[in-house]
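Novice: Input protein-v9.txt, format and content: compact mmCIF, C-alpha atoms and all ligand atoms.
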# COMPACT_ATOMS: atom_id res chain seq x y z
CA MET A 4 70.40 89.32 104.50
CA THR A 5 71.66 87.90 101.29
CA GLU A 6 72.98 89.64 98.28
CA PRO A 7 74.31 88.21 95.10
CA ASP A 8 77.45 86.63 96.34
CA GLU A 9 80.62 86.44 96.16
CA ALA A 10 83.97 85.33 95.24
CA THR A 11 83.51 85.56 92.24
CA ASP A 12 80.13 84.73 90.96
CA GLU A 13 76.86 83.34 92.04
CA ARG A 14 74.74 84.82 89.32
CA PRO A 15 74.08 82.23 86.65
CA GLY A 16 76.05 82.74 83.49
CA ARG A 17 77.93 85.70 84.85
CA ALA A 18 81.28 84.06 84.39
CA GLU A 19 80.46 82.46 81.07
CA GLY A 20 83.24 82.88 78.58
CA VAL A 21 85.58 84.24 81.24
CA ASP A 22 88.56 82.10 82.15
CA LEU A 23 89.36 82.96 85.75
CA ARG A 24 92.76 81.40 85.35
CA GLU A 25 93.55 84.51 83.31
CA PRO A 26 94.85 87.53 85.26
CA SER A 27 93.15 89.84 82.77
CA ALA A 28 89.73 88.42 83.66
CA TRP A 29 90.29 89.38 87.29
CA ALA A 30 91.77 92.75 86.35
CA GLU A 31 88.61 93.56 84.40
CA ARG A 32 86.54 92.85 87.50
CA TYR A 33 88.72 95.13 89.62
CA ASP A 34 88.69 97.84 86.97
CA ALA A 35 84.90 97.67 86.78
CA GLY A 36 84.52 97.69 90.56
CA ASP A 37 82.69 94.38 90.19
CA THR A 38 84.24 92.77 93.26
CA PRO A 39 81.53 91.42 95.56
CA TRP A 40 84.13 89.33 97.40
CA ASP A 41 85.96 92.46 98.57
CA CYS A 42 85.21 93.22 102.22
CA GLY A 43 86.37 96.84 101.90
CA GLY A 44 88.70 96.17 104.82
CA PRO A 45 90.00 93.06 106.52
CA HIS A 46 87.40 90.35 106.95
CA PRO A 47 85.81 91.08 110.35
CA GLU A 48 86.67 87.62 111.68
CA ILE A 49 90.29 87.98 110.60
CA ALA A 50 90.40 91.43 112.21
CA ARG A 51 88.88 89.97 115.37
CA ARG A 52 91.41 87.16 115.52
CA ILE A 53 94.28 89.58 114.93
CA ALA A 54 92.98 91.79 117.76
CA SER A 55 92.59 88.77 120.06
CA GLY A 56 96.26 87.88 119.60
CA GLU A 57 95.53 84.57 117.88
CA LEU A 58 97.31 85.83 114.79
CA ALA A 59 100.13 87.61 116.60
CA PRO A 60 103.64 87.30 115.14
CA THR A 61 105.09 85.46 118.13
CA GLY A 62 106.71 82.45 116.46
CA GLY A 63 108.24 84.35 113.55
CA ARG A 64 107.21 87.39 111.55
CA ARG A 65 107.00 86.35 107.92
CA ALA A 66 103.55 85.93 106.39
CA LEU A 67 102.29 85.10 102.92
CA VAL A 68 98.86 86.06 101.59
CA PRO A 69 98.25 84.38 98.21
CA GLY A 70 95.48 85.73 95.99
CA CYS A 71 95.42 88.84 98.16
CA GLY A 72 93.20 91.01 95.95
CA ARG A 73 93.22 94.60 97.20
CA GLY A 74 95.19 93.40 100.21
CA HIS A 75 92.95 94.38 103.10
CA ASP A 76 93.84 91.27 105.12
CA ALA A 77 97.51 91.57 104.19
CA LEU A 78 97.61 95.17 105.37
CA ALA A 79 95.91 94.24 108.65
CA LEU A 80 98.56 91.59 109.28
CA ALA A 81 101.31 94.07 108.41
CA ARG A 82 99.87 96.60 110.87
CA ALA A 83 99.93 93.85 113.51
CA GLY A 84 103.67 93.42 113.02
CA TRP A 85 103.93 90.78 110.33
CA THR A 86 106.37 91.13 107.46
CA VAL A 87 103.92 90.36 104.70
CA THR A 88 104.39 89.14 101.16
CA ALA A 89 101.08 89.53 99.34
CA VAL A 90 100.72 87.90 95.94
CA ASP A 91 98.12 88.38 93.24
CA PHE A 92 98.36 88.01 89.48
CA ALA A 93 95.77 90.66 88.54
CA PRO A 94 97.46 93.63 86.89
CA GLY A 95 96.57 96.98 88.41
CA LEU A 96 96.62 96.06 92.08
CA ALA A 97 100.26 96.98 92.58
CA ALA A 98 99.91 100.74 92.21
CA GLU A 99 98.05 101.16 95.49
CA LEU A 100 98.92 98.04 97.41
CA GLY A 101 102.64 98.00 96.65
CA PRO A 102 103.49 101.29 98.39
CA ALA A 103 101.00 100.66 101.20
CA LEU A 104 102.60 97.34 102.08
CA ALA A 105 106.13 98.63 101.57
CA ALA A 106 105.43 101.38 104.09
CA LEU A 107 104.69 98.63 106.61
CA GLY A 108 107.81 96.62 105.74
CA GLY A 109 106.08 94.21 103.38
CA GLU A 110 105.83 93.70 99.66
CA PHE A 111 103.29 93.06 96.95
CA VAL A 112 104.29 90.61 94.22
CA GLU A 113 102.34 90.51 90.96
CA ALA A 114 102.65 86.85 90.02
CA ASN A 115 100.90 83.53 89.81
CA ALA A 116 100.74 82.61 93.48
CA LEU A 117 100.66 78.90 92.65
CA GLU A 118 104.22 79.30 91.35
CA TRP A 119 105.47 81.33 94.31
CA GLN A 120 108.98 80.52 95.50
CA GLY A 121 110.64 82.31 98.36
CA GLU A 122 112.01 82.12 101.86
CA PRO A 123 109.75 79.94 104.02
CA VAL A 124 107.19 81.90 106.01
CA ASP A 125 105.69 81.46 109.47
CA LEU A 126 102.07 82.11 108.47
CA VAL A 127 100.01 81.62 105.33
CA LEU A 128 96.62 83.35 105.37
CA GLU A 129 94.01 81.92 103.02
CA HIS A 130 90.84 83.88 102.30
CA THR A 131 88.80 83.21 99.13
CA PHE A 132 91.82 82.28 97.04
CA HIS A 133 91.27 78.52 97.25
CA CYS A 134 87.58 78.81 96.35
CA ALA A 135 88.38 81.03 93.37
CA LEU A 136 90.71 78.48 91.80
CA PRO A 137 89.42 75.84 89.40
CA PRO A 138 89.11 72.70 91.57
CA THR A 139 91.66 70.97 89.36
CA GLU A 140 94.23 73.46 90.71
CA ARG A 141 93.70 72.47 94.33
CA PRO A 142 96.69 70.10 94.50
CA ARG A 143 98.84 73.02 93.34
CA TRP A 144 97.34 75.16 96.11
CA ALA A 145 98.30 72.50 98.67
CA ALA A 146 101.79 72.27 97.18
CA LEU A 147 102.15 76.05 97.46
CA VAL A 148 101.19 76.01 101.14
CA ALA A 149 103.56 73.12 101.91
CA ARG A 150 106.40 74.82 100.03
CA ALA A 151 105.79 78.21 101.60
CA LEU A 152 105.48 77.27 105.28
CA ARG A 153 108.38 76.46 107.52
CA PRO A 154 108.01 73.40 109.79
CA ARG A 155 105.64 74.26 112.68
CA GLY A 156 104.32 77.19 110.65
CA THR A 157 100.60 78.02 110.58
CA LEU A 158 98.05 77.98 107.80
CA ALA A 159 95.05 80.10 108.83
CA VAL A 160 91.95 79.76 106.68
CA LEU A 161 88.70 81.68 106.44
CA VAL A 162 86.87 78.65 105.06
CA PHE A 163 84.22 79.65 102.52
CA PRO A 164 81.78 78.63 101.03
CA ALA A 165 81.64 75.66 103.38
CA ASP A 166 78.06 74.53 102.74
CA LYS A 167 77.65 75.32 99.07
CA PRO A 168 76.54 72.24 97.16
CA VAL A 169 79.29 71.02 94.88
CA SER A 170 76.64 70.63 92.20
CA GLU A 171 76.30 74.42 92.06
CA GLY A 172 79.85 74.75 90.81
CA GLY A 173 81.60 78.08 91.13
CA PRO A 174 83.53 80.14 91.65
CA PRO A 175 83.27 80.34 94.52
CA HIS A 176 83.72 76.58 94.67
CA ARG A 177 82.78 74.74 97.85
CA THR A 178 85.68 74.79 100.30
CA GLU A 179 85.45 72.85 103.54
CA THR A 180 87.83 71.98 106.30
CA ALA A 181 87.68 68.22 105.80
CA GLU A 182 88.66 68.58 102.18
CA LEU A 183 91.52 70.92 103.08
CA SER A 184 92.72 68.38 105.65
CA ALA A 185 92.72 65.63 103.07
CA LEU A 186 94.44 67.83 100.54
CA LEU A 187 97.17 68.85 103.00
CA ALA A 188 97.79 65.38 104.47
CA PRO A 189 100.14 64.17 105.78
CA ALA A 190 102.29 67.27 106.17
CA PHE A 191 99.76 69.26 108.23
CA GLU A 192 97.70 68.73 111.34
CA LEU A 193 94.38 70.45 111.95
CA VAL A 194 94.56 72.42 115.20
CA ALA A 195 91.33 74.45 115.01
CA ASP A 196 88.02 74.03 113.21
CA GLU A 197 85.67 76.64 114.57
CA ALA A 198 82.57 78.70 113.99
CA VAL A 199 83.02 82.26 112.81
CA GLU A 200 81.85 84.84 115.35
CA GLN A 201 81.88 87.77 112.96
CA PRO A 202 80.80 86.53 109.54
CA LEU A 203 80.49 88.81 106.56
CA GLU A 204 76.73 89.31 106.71
CA ARG A 205 76.13 89.54 103.00
CA ARG A 206 77.63 86.14 102.25
CA GLN A 207 74.97 83.59 101.55
CA TRP A 208 77.13 80.56 102.30
CA LEU A 209 78.65 79.36 105.53
CA GLU A 210 82.01 80.64 106.73
CA ARG A 211 84.21 78.74 109.18
CA TRP A 212 87.67 79.21 110.61
CA ALA A 213 90.45 76.63 110.45
CA ARG A 214 94.08 76.54 111.48
CA PHE A 215 96.61 73.95 110.42
CA ARG A 216 100.16 73.42 111.64
CA ARG A 217 102.82 72.14 109.32
CA THR A 218 104.35 69.09 110.97
CA SER A 219 107.94 69.50 112.05
CA ASP A 220 109.49 67.27 109.45
CA GLY A 221 106.97 68.13 106.77
CA ALA A 222 106.41 64.44 106.21
C1 LIG B 301 87.92 86.10 95.11
S1 LIG B 301 89.31 87.09 95.03
C2 LIG B 301 89.81 87.22 96.73
C3 LIG B 301 90.78 88.33 96.97
C4 LIG B 301 91.15 88.54 98.44
N1 LIG B 301 91.69 87.34 99.03
C5 LIG B 301 89.99 89.05 99.23
O1 LIG B 301 89.49 88.31 100.09
O2 LIG B 301 89.56 90.19 98.96
C6 LIG B 301 90.52 85.97 94.36
C7 LIG B 301 91.83 86.65 94.05
O3 LIG B 301 92.75 85.66 93.64
C8 LIG B 301 93.48 86.16 92.55
N2 LIG B 301 93.99 84.97 91.85
C9 LIG B 301 93.28 83.99 91.27
N3 LIG B 301 94.10 83.04 90.79
C10 LIG B 301 95.37 83.46 91.09
C11 LIG B 301 96.66 82.93 90.88
N4 LIG B 301 96.83 81.73 90.27
N5 LIG B 301 97.73 83.60 91.32
C12 LIG B 301 97.58 84.80 91.94
N6 LIG B 301 96.38 85.36 92.17
C13 LIG B 301 95.29 84.70 91.76
C14 LIG B 301 92.54 87.03 91.77
O4 LIG B 301 93.20 87.98 90.98
C15 LIG B 301 91.73 87.66 92.90
O5 LIG B 301 92.31 88.88 93.32
Before we go any further, please render this structure as structure tokens.
Ligand SMILES: C[S@@+](CC[C@H](N)C(=O)[O-])C[C@H]1O[C@@H](n2cnc3c(N)ncnc32)[C@H](O)[C@@H]1O
Specialist:
Amino acid sequence: MTEPDEATDERPGRAEGVDLREPSAWAERYDAGDTPWDCGGPHPEIARRIASGELAPTGGRRALVPGCGRGHDALALARAGWTVTAVDFAPGLAAELGPALAALGGEFVEANALEWQGEPVDLVLEHTFHCALPPTERPRWAALVARALRPRGTLAVLVFPADKPVSEGGPPHRTETAELSALLAPAFELVADEAVEQPLERRQWLERWARFRRTSDGA
């Protein structure tokens, strides 16, 4: 089954005149309930991998979720024992997500995630933030991840849309593991590049799962 996708737009012209670097453009989408990227809960594959223990807070408890949206994935991590900092620049998300995360020992920060500075974390979870950024911002995304993660920390990625032709533009812009590897080199090693067992059925493009480890010296 396919429906008009996704994070943020697959319908021609729908984003015309809207600069998705502007928080207000995203806030309008949330206010209008026009959020086809929103899973309504944690992405099923992320939930599955949390339940399996793959994303258990064993090597440290601090997690960062940039571009968290309504925070479903962030809340799932917090319920699994992570101390989560969730960041999104869209005004209006804080009212609900802030108290919900605080009740689980985490925090929501309304800010440009690409400028995030804070104590290094043990896990960064990426889900449809990278693909929503203008491709010219991708080096800043990689710099954020490198800055945020402690040595040996994990970057977990729900890779999407992995098979969308670049010529179709975006958002969502094609995001694939090989490109992430190149972007993150040499400070990260790829430790998993796997099929998704529980994809979000309505997505019309391929999802994959990747995990990277920040090398010990960050070099
Ligand atoms: C496609 S949505 C995905 C939201 C969430 N990850 C999810 O899966 O539901 C992209 C999110 O990134 C946020 N965003 C885009 N650029 C951002 C930036 N530079 N800093 C913080 N948030 C940003 C938007 O406000 C939006 O909530």
Novice: In Å, with one decimal, what is the gap from CA of Leu23 in chain A to atom N1 of ligand LIG 301 (chain B)?
Specialist: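 Taking CA of Leu23 in chain A and atom N1 of ligand LIG 301 (chain B), their separation equals 14.2 Å.
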Novice: To one decimal place in Å, what is the distance between CA of Arg141 in chain A and CA of Phe111 in chain A?
Specialist: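 So the two atoms, CA of Arg141 in chain A and CA of Phe111 in chain A, lie 22.9 Å apart.
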Novice: With distances taken over all atoms listed in the file, which residue among A:His176, A:Arg65, A:Arg82, A:Arg52 lies nearest ligand LIG 301 (chain B)?
Specialist: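 For ligand LIG 301 (chain B), the nearest of the candidates is A:His176.
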Novice: What's around Thr88 in chain A at 9 Å? Count all atoms listed in the file, leave out sequence neighbours fewer than 2 positions away in its own chain, and write the answer as an MDAnalysis selection string.
Specialist: chainID A and resid 65:69 77 86 90 104 109:112
Novice: Check which residues of chain A sit at most 9 Å from ligand LIG 301 (chain B) using only C-alpha atoms and all ligand atoms, and return one row each with the closest pair of atoms and their distance in Å to one decimal, ordered by chain and rising number, as a Markdown table.
Specialist:
| residue | atom | partner | partner_atom | distance |
| --- | --- | --- | --- | --- |
| A:Glu9 | CA | B:LIG301 | C1 | 7.4 |
| A:Ala10 | CA | B:LIG301 | C1 | 4.0 |
| A:Thr11 | CA | B:LIG301 | C1 | 5.3 |
| A:Asp12 | CA | B:LIG301 | C1 | 8.9 |
| A:Leu23 | CA | B:LIG301 | C9 | 6.8 |
| A:Arg24 | CA | B:LIG301 | N3 | 5.8 |
| A:Glu25 | CA | B:LIG301 | N3 | 7.6 |
| A:Pro26 | CA | B:LIG301 | O4 | 6.0 |
| A:Ser27 | CA | B:LIG301 | O4 | 8.4 |
| A:Ala28 | CA | B:LIG301 | O4 | 8.1 |
| A:Trp29 | CA | B:LIG301 | O4 | 4.9 |
| A:Ala30 | CA | B:LIG301 | O4 | 6.8 |
| A:Arg32 | CA | B:LIG301 | O4 | 9.0 |
| A:Tyr33 | CA | B:LIG301 | O5 | 8.1 |
| A:Thr38 | CA | B:LIG301 | S1 | 7.8 |
| A:Pro39 | CA | B:LIG301 | C1 | 8.3 |
| A:Trp40 | CA | B:LIG301 | C1 | 5.5 |
| A:Asp41 | CA | B:LIG301 | O2 | 4.3 |
| A:Cys42 | CA | B:LIG301 | O2 | 6.2 |
| A:Gly43 | CA | B:LIG301 | O2 | 7.9 |
| A:Gly44 | CA | B:LIG301 | O2 | 8.4 |
| A:Pro45 | CA | B:LIG301 | O1 | 8.0 |
| A:His46 | CA | B:LIG301 | O1 | 7.5 |
| A:Val68 | CA | B:LIG301 | N1 | 7.7 |
| A:Pro69 | CA | B:LIG301 | C12 | 6.3 |
| A:Gly70 | CA | B:LIG301 | O3 | 3.6 |
| A:Cys71 | CA | B:LIG301 | N1 | 4.1 |
| A:Gly72 | CA | B:LIG301 | O5 | 3.5 |
| A:Arg73 | CA | B:LIG301 | O2 | 6.0 |
| A:Gly74 | CA | B:LIG301 | C4 | 6.6 |
| A:His75 | CA | B:LIG301 | O2 | 6.8 |
| A:Asp76 | CA | B:LIG301 | O1 | 7.3 |
| A:Ala77 | CA | B:LIG301 | N1 | 8.9 |
| A:Val90 | CA | B:LIG301 | C12 | 6.0 |
| A:Asp91 | CA | B:LIG301 | N6 | 3.6 |
| A:Phe92 | CA | B:LIG301 | C12 | 4.1 |
| A:Ala93 | CA | B:LIG301 | O4 | 4.4 |
| A:Pro94 | CA | B:LIG301 | O4 | 8.2 |
| A:Leu96 | CA | B:LIG301 | O5 | 8.5 |
| A:Glu113 | CA | B:LIG301 | C12 | 7.5 |
| A:Ala114 | CA | B:LIG301 | C12 | 5.8 |
| A:Asn115 | CA | B:LIG301 | N5 | 3.5 |
| A:Ala116 | CA | B:LIG301 | N5 | 3.8 |
| A:Leu117 | CA | B:LIG301 | N4 | 5.3 |
| A:Glu118 | CA | B:LIG301 | N5 | 7.8 |
| A:Trp119 | CA | B:LIG301 | N5 | 8.6 |
| A:Leu128 | CA | B:LIG301 | N1 | 9.0 |
| A:Glu129 | CA | B:LIG301 | N1 | 7.1 |
| A:His130 | CA | B:LIG301 | N1 | 4.8 |
| A:Thr131 | CA | B:LIG301 | C2 | 4.8 |
| A:Phe132 | CA | B:LIG301 | C6 | 4.7 |
| A:His133 | CA | B:LIG301 | C6 | 8.0 |
| A:Cys134 | CA | B:LIG301 | C1 | 7.4 |
| A:Ala135 | CA | B:LIG301 | C1 | 5.4 |
| A:Leu136 | CA | B:LIG301 | N3 | 5.8 |
| A:Pro137 | CA | B:LIG301 | N3 | 8.7 |
| A:Glu140 | CA | B:LIG301 | N4 | 8.7 |
| A:Trp144 | CA | B:LIG301 | N4 | 8.8 |
| A:Pro174 | CA | B:LIG301 | C1 | 8.2 |
| A:Pro175 | CA | B:LIG301 | C1 | 7.4 |
Novice: Leaving out Arg216 in chain A and any residue of its chain fewer than 5 positions from it, which residues lie within 8 Å of it when counting all atoms listed in the file, given as a list in words?
Specialist: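 Residues meeting the cut-off are Arg155, Gly156, Thr157, Leu158, Phe191, Glu192, Leu193 and Val194 of chain A.
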Novice: What's around Gly84 in chain A at 8 Å? Count all atoms listed in the file, leave out sequence neighbours fewer than 4 positions away in its own chain, and write the answer as a list in words.
Specialist: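 Those residues are Ala59, Pro60, Arg64 and Leu80 of chain A.
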